[in-house]
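Asks: Input file: my_file-v4.txt. Contents: compact mmCIF, C-alpha atoms.
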```
# COMPACT_ATOMS: atom_id res chain seq x y z
CA MET A 1139 -10.09 -7.79 16.71
CA GLN A 1140 -6.31 -7.49 17.15
CA ALA A 1141 -5.72 -7.84 13.41
CA LEU A 1142 -8.36 -5.16 12.76
CA ILE A 1143 -6.63 -2.71 15.12
CA LEU A 1144 -3.20 -3.39 13.62
CA GLY A 1145 -4.64 -2.69 10.18
CA LEU A 1146 -6.15 0.61 11.31
CA VAL A 1147 -2.81 1.78 12.74
CA ALA A 1148 -1.16 0.74 9.47
CA ALA A 1149 -3.78 2.74 7.56
CA LEU A 1150 -2.91 5.85 9.56
CA ALA A 1151 0.82 5.42 8.88
CA TRP A 1152 0.27 4.78 5.17
CA GLY A 1153 -2.09 7.74 4.91
CA PHE A 1154 0.63 10.15 6.05
CA HIS A 1155 3.20 8.29 3.92
CA ASP A 1156 1.12 8.61 0.76
CA ILE A 1157 0.43 12.31 1.14
CA CYS A 1158 4.21 12.70 1.34
CA VAL A 1159 4.52 10.61 -1.85
CA ARG A 1160 2.36 13.14 -3.67
CA PHE A 1161 4.70 15.90 -2.46
CA VAL A 1162 8.11 14.28 -3.14
CA SER A 1163 7.13 12.64 -6.45
CA GLN A 1164 6.83 16.11 -7.97
CA ARG A 1165 10.21 17.24 -6.64
CA THR A 1166 12.55 14.35 -7.36
CA GLY A 1167 12.80 11.14 -9.36
CA ILE A 1168 10.63 8.23 -8.29
CA LEU A 1169 13.38 5.61 -8.12
CA PRO A 1170 15.81 7.65 -5.93
CA ALA A 1171 12.93 8.52 -3.59
CA MET A 1172 11.78 4.89 -3.35
CA LEU A 1173 15.32 3.60 -2.77
CA THR A 1174 15.86 6.04 0.11
CA VAL A 1175 12.49 5.19 1.68
CA LEU A 1176 13.05 1.43 1.41
CA VAL A 1177 16.66 1.53 2.64
CA THR A 1178 15.64 3.66 5.64
CA GLY A 1179 12.88 1.20 6.50
CA LEU A 1180 15.26 -1.74 6.07
CA ILE A 1181 17.81 -0.22 8.46
CA LEU A 1182 15.15 0.35 11.11
CA VAL A 1183 13.66 -3.12 10.71
CA ALA A 1184 17.07 -4.83 10.64
CA GLY A 1185 18.04 -3.16 13.92
CA VAL A 1186 15.03 -4.77 15.56
CA ALA A 1187 14.96 -8.09 13.68
CA LEU A 1188 18.64 -8.94 14.20
CA ILE A 1189 18.29 -8.47 17.97
CA TRP A 1190 14.81 -9.79 18.75
CA GLY A 1191 13.92 -11.84 15.69
CA ASP A 1192 13.47 -15.59 16.13
CA TRP A 1193 15.75 -16.67 13.27
CA ARG A 1194 15.58 -20.32 14.33
CA GLU A 1195 11.98 -20.38 13.09
CA VAL A 1196 12.98 -19.30 9.57
CA THR A 1197 12.23 -22.02 7.00
CA PHE A 1198 13.07 -22.36 3.34
CA GLN A 1199 9.42 -21.72 2.53
CA SER A 1200 9.38 -18.48 4.52
CA LEU A 1201 12.60 -17.39 2.79
CA TRP A 1202 11.36 -17.67 -0.77
CA LEU A 1203 7.90 -16.35 0.11
CA SER A 1204 9.50 -13.33 1.80
CA ALA A 1205 11.62 -12.68 -1.29
CA LEU A 1206 8.56 -12.98 -3.53
CA SER A 1207 6.52 -10.70 -1.27
CA GLY A 1208 9.29 -8.08 -1.31
CA ALA A 1209 9.61 -8.17 -5.09
CA ILE A 1210 5.85 -7.74 -5.51
CA TYR A 1211 5.83 -4.95 -2.93
CA ALA A 1212 8.54 -3.11 -4.85
CA GLY A 1213 6.43 -3.29 -8.01
CA GLY A 1214 3.27 -2.20 -6.21
CA SER A 1215 5.06 0.71 -4.53
CA TYR A 1216 6.53 1.86 -7.85
CA ALA A 1217 3.05 1.86 -9.36
CA LEU A 1218 1.77 3.82 -6.33
CA TYR A 1219 4.45 6.49 -6.79
CA ARG A 1220 3.68 6.76 -10.50
CA ALA A 1221 -0.05 7.08 -9.81
CA PHE A 1222 0.35 9.74 -7.12
CA ALA A 1223 2.84 11.66 -9.26
CA GLN A 1224 0.09 12.10 -11.86
CA GLY A 1225 -2.80 12.51 -9.38
CA PRO A 1226 -5.31 13.66 -8.38
CA VAL A 1227 -5.27 12.15 -4.90
CA LYS A 1228 -9.08 12.01 -4.77
CA LEU A 1229 -8.96 9.50 -7.65
CA VAL A 1230 -5.74 7.63 -6.94
CA ALA A 1231 -6.28 6.94 -3.22
CA PRO A 1232 -9.70 5.22 -3.55
CA LEU A 1233 -8.46 3.29 -6.58
CA ILE A 1234 -5.43 1.88 -4.77
CA GLY A 1235 -7.39 1.41 -1.54
CA ALA A 1236 -9.79 -0.92 -3.35
CA TYR A 1237 -7.31 -3.80 -3.25
CA PRO A 1238 -9.51 -5.83 -0.80
CA ILE A 1239 -11.64 -6.59 -3.87
CA LEU A 1240 -8.73 -8.63 -5.18
CA SER A 1241 -8.28 -10.23 -1.76
CA VAL A 1242 -11.91 -11.38 -1.84
CA ALA A 1243 -11.49 -12.69 -5.38
CA MET A 1244 -8.36 -14.65 -4.40
CA ALA A 1245 -10.16 -16.09 -1.36
CA SER A 1246 -13.01 -17.22 -3.61
CA VAL A 1247 -10.61 -18.90 -6.05
CA GLN A 1248 -8.94 -20.71 -3.16
CA GLY A 1249 -12.29 -22.14 -2.11
CA GLN A 1250 -13.00 -19.91 0.88
CA PRO A 1251 -16.68 -19.01 1.32
CA VAL A 1252 -17.58 -15.50 0.13
CA GLY A 1253 -21.10 -14.46 1.05
CA PRO A 1254 -23.59 -12.41 -0.99
CA GLY A 1255 -23.03 -9.44 1.32
CA GLN A 1256 -19.32 -9.40 0.52
CA TRP A 1257 -19.98 -9.57 -3.23
CA ALA A 1258 -22.47 -6.72 -2.82
CA ALA A 1259 -19.77 -4.72 -1.02
CA VAL A 1260 -17.39 -5.40 -3.92
CA LEU A 1261 -19.94 -3.96 -6.34
CA VAL A 1262 -20.39 -0.91 -4.09
CA VAL A 1263 -16.63 -0.34 -4.06
CA VAL A 1264 -16.43 -0.64 -7.85
CA ALA A 1265 -19.33 1.79 -8.24
CA GLY A 1266 -17.78 4.21 -5.75
CA VAL A 1267 -14.40 4.21 -7.51
CA ALA A 1268 -16.13 4.71 -10.87
CA ALA A 1269 -18.04 7.69 -9.45
CA VAL A 1270 -14.86 9.20 -8.00
CA ALA A 1271 -13.19 8.89 -11.40
CA LEU A 1272 -16.20 10.39 -13.19
CA PHE A 1273 -16.56 13.40 -10.90
CA ALA A 1274 -12.79 14.00 -10.80
CA SER A 1275 -12.68 13.93 -14.60
CA GLU A 1276 -15.59 16.36 -14.85
CA GLU A 1277 -13.97 18.86 -12.49
CA ASP A 1278 -10.63 18.65 -14.30
CA ASN A 1279 -12.31 18.95 -17.71
CA GLY A 1280 -11.34 15.42 -18.67
CA ARG A 1281 -7.62 16.03 -18.16
CA ILE A 1282 -7.10 12.89 -16.05
CA LYS A 1283 -4.68 10.54 -17.79
CA PRO A 1284 -5.78 6.95 -18.41
CA SER A 1285 -2.30 5.89 -17.27
CA THR A 1286 -3.17 7.18 -13.78
CA VAL A 1287 -5.93 4.59 -13.58
CA TYR A 1288 -3.65 1.85 -14.92
CA TRP A 1289 -0.92 2.62 -12.37
CA GLY A 1290 -3.51 2.74 -9.58
CA ILE A 1291 -4.89 -0.67 -10.51
CA ALA A 1292 -1.35 -2.07 -10.71
CA ALA A 1293 -0.60 -0.72 -7.22
CA ALA A 1294 -3.80 -2.26 -5.82
CA ALA A 1295 -2.94 -5.64 -7.34
CA GLY A 1296 0.60 -5.41 -6.01
CA PHE A 1297 -0.52 -4.72 -2.45
CA ALA A 1298 -3.18 -7.45 -2.46
CA LEU A 1299 -0.59 -10.01 -3.56
CA THR A 1300 2.05 -8.64 -1.17
CA PHE A 1301 -0.19 -9.09 1.85
CA ALA A 1302 -1.39 -12.54 0.81
CA VAL A 1303 2.13 -13.86 0.17
CA GLY A 1304 3.69 -12.00 3.10
CA GLN A 1305 1.18 -13.28 5.63
CA THR A 1306 1.72 -16.81 4.34
CA ALA A 1307 5.47 -16.31 4.84
CA THR A 1308 4.82 -15.14 8.41
CA ARG A 1309 2.86 -18.29 9.19
CA ALA A 1310 5.72 -20.37 7.77
CA GLY A 1311 8.45 -18.56 9.71
CA ALA A 1312 8.72 -15.67 12.17
CA GLU A 1313 7.41 -12.12 11.92
CA LEU A 1314 10.55 -9.97 12.25
CA PRO A 1315 12.81 -12.06 9.99
CA VAL A 1316 10.07 -12.18 7.34
CA LEU A 1317 9.62 -8.40 7.51
CA MET A 1318 13.37 -7.79 7.19
CA LEU A 1319 13.77 -10.22 4.29
CA THR A 1320 10.73 -8.75 2.53
CA ARG A 1321 12.14 -5.22 2.71
CA ALA A 1322 15.60 -6.44 1.67
CA ALA A 1323 14.12 -8.05 -1.44
CA ALA A 1324 12.25 -4.83 -2.26
CA VAL A 1325 15.49 -2.82 -1.90
CA VAL A 1326 17.29 -5.19 -4.27
CA VAL A 1327 14.55 -4.88 -6.91
CA ILE A 1328 14.53 -1.06 -6.81
CA ALA A 1329 18.35 -0.93 -6.76
CA VAL A 1330 18.43 -3.05 -9.93
CA MET A 1331 15.93 -0.67 -11.54
CA VAL A 1332 18.11 2.32 -10.56
CA VAL A 1333 21.16 0.72 -12.16
CA ALA A 1334 19.26 -0.43 -15.24
CA ASN A 1335 17.87 3.08 -15.79
CA LYS A 1336 21.26 4.71 -15.04
CA THR A 1337 19.55 6.93 -12.49
CA ASN A 1338 21.37 8.99 -9.88
CA PRO A 1339 20.36 7.25 -6.62
CA ARG A 1340 20.83 10.36 -4.46
CA PRO A 1341 17.70 12.49 -3.92
CA PRO A 1342 17.96 16.23 -3.13
CA LEU A 1343 19.30 16.79 0.39
CA LYS A 1344 16.46 19.15 1.29
CA ILE A 1345 13.85 16.36 1.11
CA LEU A 1346 16.07 13.64 2.62
CA PRO A 1347 14.60 14.01 6.15
CA LEU A 1348 11.10 13.67 4.73
CA LEU A 1349 12.08 10.53 2.80
CA CYS A 1350 13.57 9.00 5.96
CA ALA A 1351 10.35 9.71 7.86
CA MET A 1352 8.41 8.08 5.03
CA GLY A 1353 10.66 5.03 5.33
CA ALA A 1354 9.83 4.72 9.02
CA LEU A 1355 6.08 5.06 8.37
CA ASP A 1356 6.16 2.52 5.54
CA ALA A 1357 8.16 0.01 7.59
CA LEU A 1358 5.75 0.37 10.51
CA ALA A 1359 2.66 -0.09 8.34
CA LEU A 1360 3.93 -3.11 6.39
CA GLY A 1361 5.26 -4.67 9.58
CA LEU A 1362 1.88 -4.42 11.30
CA VAL A 1363 0.04 -6.03 8.38
CA LEU A 1364 2.55 -8.88 8.03
CA PHE A 1365 2.67 -9.39 11.80
CA SER A 1366 -1.09 -10.00 11.75
CA GLY A 1367 -0.41 -13.14 9.73
CA SER A 1368 0.14 -14.95 13.05
CA LEU A 1369 -3.19 -13.73 14.46
CA PRO A 1370 -6.74 -15.05 13.91
CA ARG A 1371 -8.43 -13.61 10.80
CA PRO A 1372 -5.32 -11.86 9.39
CA GLU A 1373 -7.35 -10.71 6.36
CA PHE A 1374 -8.99 -8.14 8.65
CA ALA A 1375 -5.66 -6.30 8.86
CA ALA A 1376 -5.36 -6.14 5.07
CA VAL A 1377 -8.93 -4.84 4.75
CA SER A 1378 -8.75 -2.23 7.53
CA SER A 1379 -5.33 -1.03 6.36
CA SER A 1380 -6.89 -0.21 2.98
CA LEU A 1381 -8.65 2.72 4.66
CA PHE A 1382 -5.35 4.57 4.27
CA GLY A 1383 -6.84 5.94 1.06
CA LEU A 1384 -9.57 7.77 2.97
CA ILE A 1385 -6.95 9.30 5.28
CA THR A 1386 -4.90 10.34 2.25
CA VAL A 1387 -7.91 12.03 0.61
CA ILE A 1388 -8.68 13.96 3.80
CA LEU A 1389 -5.05 15.04 4.16
CA ALA A 1390 -4.90 16.10 0.51
CA TRP A 1391 -7.98 18.26 1.07
CA ALA A 1392 -6.66 19.73 4.33
CA ILE A 1393 -2.94 20.13 3.49
CA LEU A 1394 -2.61 20.26 -0.29
CA ARG A 1395 -5.88 22.19 -0.67
CA GLU A 1396 -7.11 19.72 -3.29
CA SER A 1397 -10.70 20.74 -3.98
CA MET A 1398 -13.52 18.31 -3.25
CA THR A 1399 -17.14 18.69 -4.28
CA ARG A 1400 -20.09 17.22 -2.38
CA ASN A 1401 -20.52 14.48 -5.00
CA GLN A 1402 -16.85 13.56 -4.69
CA TRP A 1403 -17.08 13.32 -0.90
CA ILE A 1404 -20.15 11.10 -1.26
CA SER A 1405 -18.37 8.88 -3.79
CA VAL A 1406 -15.31 8.55 -1.55
CA ALA A 1407 -17.52 7.74 1.46
CA VAL A 1408 -19.39 5.06 -0.54
CA THR A 1409 -16.13 3.51 -1.71
CA PHE A 1410 -14.58 3.20 1.73
CA GLY A 1411 -17.90 2.22 3.28
CA GLY A 1412 -17.88 -0.79 0.96
CA ILE A 1413 -14.25 -1.54 1.82
CA ALA A 1414 -15.03 -1.39 5.55
CA PHE A 1415 -17.98 -3.78 5.06
CA LEU A 1416 -15.65 -6.34 3.49
CA GLY A 1417 -13.93 -6.61 6.85
CA LEU A 1418 -17.10 -7.39 8.79
```
In structure tokens, what does this structure look like?
Replies:
Amino acid sequence: MQALILGLVAALAWGFHDICVRFVSQRTGILPAMLTVLVTGLILVAGVALIWGDWREVTFQSLWLSALSGAIYAGGSYALYRAFAQGPVKLVAPLIGAYPILSVAMASVQGQPVGPGQWAAVLVVVAGVAAVALFASEEDNGRIKPSTVYWGIAAAAGFALTFAVGQTATRAGAELPVLMLTRAAAVVVIAVMVVANKTNPRPPLKILPLLCAMGALDALALGLVLFSGSLPRPEFAAVSSSLFGLITVILAWAILRESMTRNQWISVAVTFGGIAFLGL
């Protein structure tokens, strides 16, 4: 139950974070925005981890798993920014939020029992995402780019792997050090991309406060999901946190005035209903 609650709080934080991604990705470069968000989160996490983190529990296994989790998270976040930059939110959010499908698949490969009900929920999620894509394409006269779908799938895969590896790192070490090391690795990856692309790392000053707020929300959400790795049934946190997509869709409708038809609302509800069932 605790892991489920942590995941729901993370979903709320990521929902607000992602609606901001849609806004800033159309006003500045993706890499400068990501670097600012990740560095802000790292500063906040480091301030807590260096004081209260149990660094004596850090093992070599937790170190390399944290680094791997951070690198994957950087890739998944980049794909998320690219997907939201192209939009629409009503397609991208359910697509990325479907990453529990991959979590179920990985659990099955590792020999964990996956019941018929869970496989049925996976099919419902796939059908719901397909319907969202179909209705979104119809409304936009087929103008949705295939690359939007590819980036969304890449983001979903990145988050599924991040949570699996990160929670394993937490069990092998301590929560706060793992979270700090994960974010540090993500910062390094994005910084290398900034240098390799010869990109100006400074975003416009007028959106800097928003980027800092996004960094705090992202750090809170990821920290809650990784922290659940020390709790019973940590996969519940990963599943419930995936409901951030539903929150993002609602915020896009309410704040960005992104139109939604009845069929699209039904498709979104079916998708996240299936995701929620995976956590039962």
Asks: Rank A:Thr1300, A:Ser1246, A:Thr1337, A:Ser1241 by their smallest atom-to-atom distance to Thr1320 of chain A, using only C-alpha atoms, and report the top residue only.
Replies: A:Thr1300
Asks: Could you give me, as a ChimeraX atom specification, the residues within 7 Å of Asp1356 of chain A, counting only C-alpha atoms and dropping anything in the same chain fewer than 6 positions from it?
Replies: /A:1151-1152,1155,1179
Asks: Write out as a list of chain:residue names each polymer residue whose atoms come within 8 Å of Ile1143 of chain A, counting all atoms listed in the file; drop sequence neighbours fewer than 3 positions from it.
Replies: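 So the residues in contact are A:Met1139, A:Gln1140, A:Leu1146, A:Val1147, A:Ala1375, A:Ser1378.
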Asks: If we count only C-alpha atoms and set the cut-off at 9 Å, which residues sit around Ala1357 of chain A, ignoring sequence neighbours fewer than 3 positions away in its own chain? Please answer as an mmCIF file with C-alpha atoms, in the frame of the given file.
Replies:
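The resulting selection01.cif:
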```
data_model
loop_
_atom_site.group_PDB
_atom_site.id
_atom_site.type_symbol
_atom_site.label_atom_id
_atom_site.label_comp_id
_atom_site.auth_asym_id
_atom_site.auth_seq_id
_atom_site.Cartn_x
_atom_site.Cartn_y
_atom_site.Cartn_z
ATOM 1 C CA VAL A 1175 12.490 5.190 1.680
ATOM 2 C CA LEU A 1176 13.050 1.430 1.410
ATOM 3 C CA THR A 1178 15.640 3.660 5.640
ATOM 4 C CA GLY A 1179 12.880 1.200 6.500
ATOM 5 C CA LEU A 1180 15.260 -1.740 6.070
ATOM 6 C CA LEU A 1182 15.150 0.350 11.110
ATOM 7 C CA VAL A 1183 13.660 -3.120 10.710
ATOM 8 C CA LEU A 1317 9.620 -8.400 7.510
ATOM 9 C CA ARG A 1321 12.140 -5.220 2.710
ATOM 10 C CA MET A 1352 8.410 8.080 5.030
ATOM 11 C CA GLY A 1353 10.660 5.030 5.330
ATOM 12 C CA ALA A 1354 9.830 4.720 9.020
ATOM 13 C CA LEU A 1360 3.930 -3.110 6.390
ATOM 14 C CA GLY A 1361 5.260 -4.670 9.580
ATOM 15 C CA LEU A 1362 1.880 -4.420 11.300
#
```
Asks: Can you measure atom CA of Arg1194 of chain A to atom CA of Leu1314 of chain A for me? One decimal in Å is fine.
Replies: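 Spanning atom CA of Arg1194 of chain A to atom CA of Leu1314 of chain A is a straight-line distance of 11.7 Å.
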Asks: So how far away is atom CA of Phe1410 of chain A from atom CA of Ala1265 of chain A, in Å?
Replies: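 Separating atom CA of Ala1265 of chain A from atom CA of Phe1410 of chain A is a distance of 11.1 Å.
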Asks: Could you give me, as number ranges by chain, the residues within 9 Å of Ala1205 of chain A, counting all atoms listed in the file and dropping anything in the same chain fewer than 6 positions from it?
Replies: A: 1316, 1319-1324
Asks: Would you put the residues from that selection into a file with C-alpha atoms, as a tab-separated table (two decimals), in the coordinates of the input?
Replies:
```tsv
chain	number	residue	atom	x	y	z
A	1316	VAL	CA	10.07	-12.18	7.34
A	1319	LEU	CA	13.77	-10.22	4.29
A	1320	THR	CA	10.73	-8.75	2.53
A	1321	ARG	CA	12.14	-5.22	2.71
A	1322	ALA	CA	15.60	-6.44	1.67
A	1323	ALA	CA	14.12	-8.05	-1.44
A	1324	ALA	CA	12.25	-4.83	-2.26
```
Asks: Find the distance between atom CA of Thr1386 of chain A and atom CA of Val1406 of chain A and write it in Å to one decimal.
Replies: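 Interatomic distance here is 11.2 Å.
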Asks: Anything within 10 Å of (-16.8, 7.5, 2.1): list those residues as a list in words, counting only C-alpha atoms and sticking to the file's coordinates.
Replies: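 The residues that fall inside the cut-off are Pro1232, Val1263, Gly1266, Leu1381, Leu1384, Gln1402, Trp1403, Ile1404, Ser1405, Val1406, Ala1407, Val1408, Thr1409, Phe1410, Gly1411, Gly1412, Ile1413 and Ala1414 of chain A.
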Asks: A:Phe1301, A:Leu1349, A:Leu1233, A:Gly1185: which is nearest Val1270 of chain A, counting only C-alpha atoms?
Replies: A:Leu1233
Asks: With only C-alpha atoms as the atoms that count, which of A:Gly1304, A:Gly1290, A:Gly1145, A:Gly1311 lies nearest to Ala1376 of chain A?
Replies: A:Gly1145
Asks: Trp1257 of chain A: which residues within 10 Å, counting all atoms listed in the file, same-chain residues fewer than 5 positions away excluded, as a list of chain:residue names?
Replies: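 Selected residues are A:Ile1239, A:Val1242, A:Ala1243, A:Val1252, A:Val1262, A:Val1263, A:Gly1412, A:Leu1416.
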Asks: Looking at only C-alpha atoms, which of A:Thr1308, A:Ala1184, A:Val1325, A:Phe1222 is the one that sits closest to Ile1157 of chain A?
Replies: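 Selected residue with least distance to Ile1157 of chain A: A:Phe1222.
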Asks: Can you sort out the box for segment 1362-1367 of chain A, edges along x, y and z, all listed atoms in, 6 Å on every side, with centre and edge lengths in Å to one decimal, as lines of an AutoDock Vina configuration file?
Replies:
```
center_x = 0.8
center_y = -8.8
center_z = 9.9
size_x = 15.8
size_y = 20.7
size_z = 15.8
```
Asks: Which residue is closest to Phe1382 of chain A? Choose from A:Pro1170, A:Gly1235, A:Gly1214, A:Gly1208 and count only C-alpha atoms.
Replies: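 Among the listed residues, A:Gly1235 lies closest to Phe1382 of chain A.
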Asks: Of the candidates A:Ile1385, A:Gln1256, A:Ile1234, A:Leu1144, which one gets nearest to Ser1215 of chain A if we count all atoms listed in the file?
Replies: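 Smallest distance to Ser1215 of chain A is found for A:Ile1234.
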Asks: Please return as a PyMOL selection string every residue within 9 Å of (-1.6, 5.1, -9.7), taking into account all atoms listed in the file and the file's own coordinates.
Replies: chain A and resi 1216-1225+1229-1231+1233-1234+1285-1294
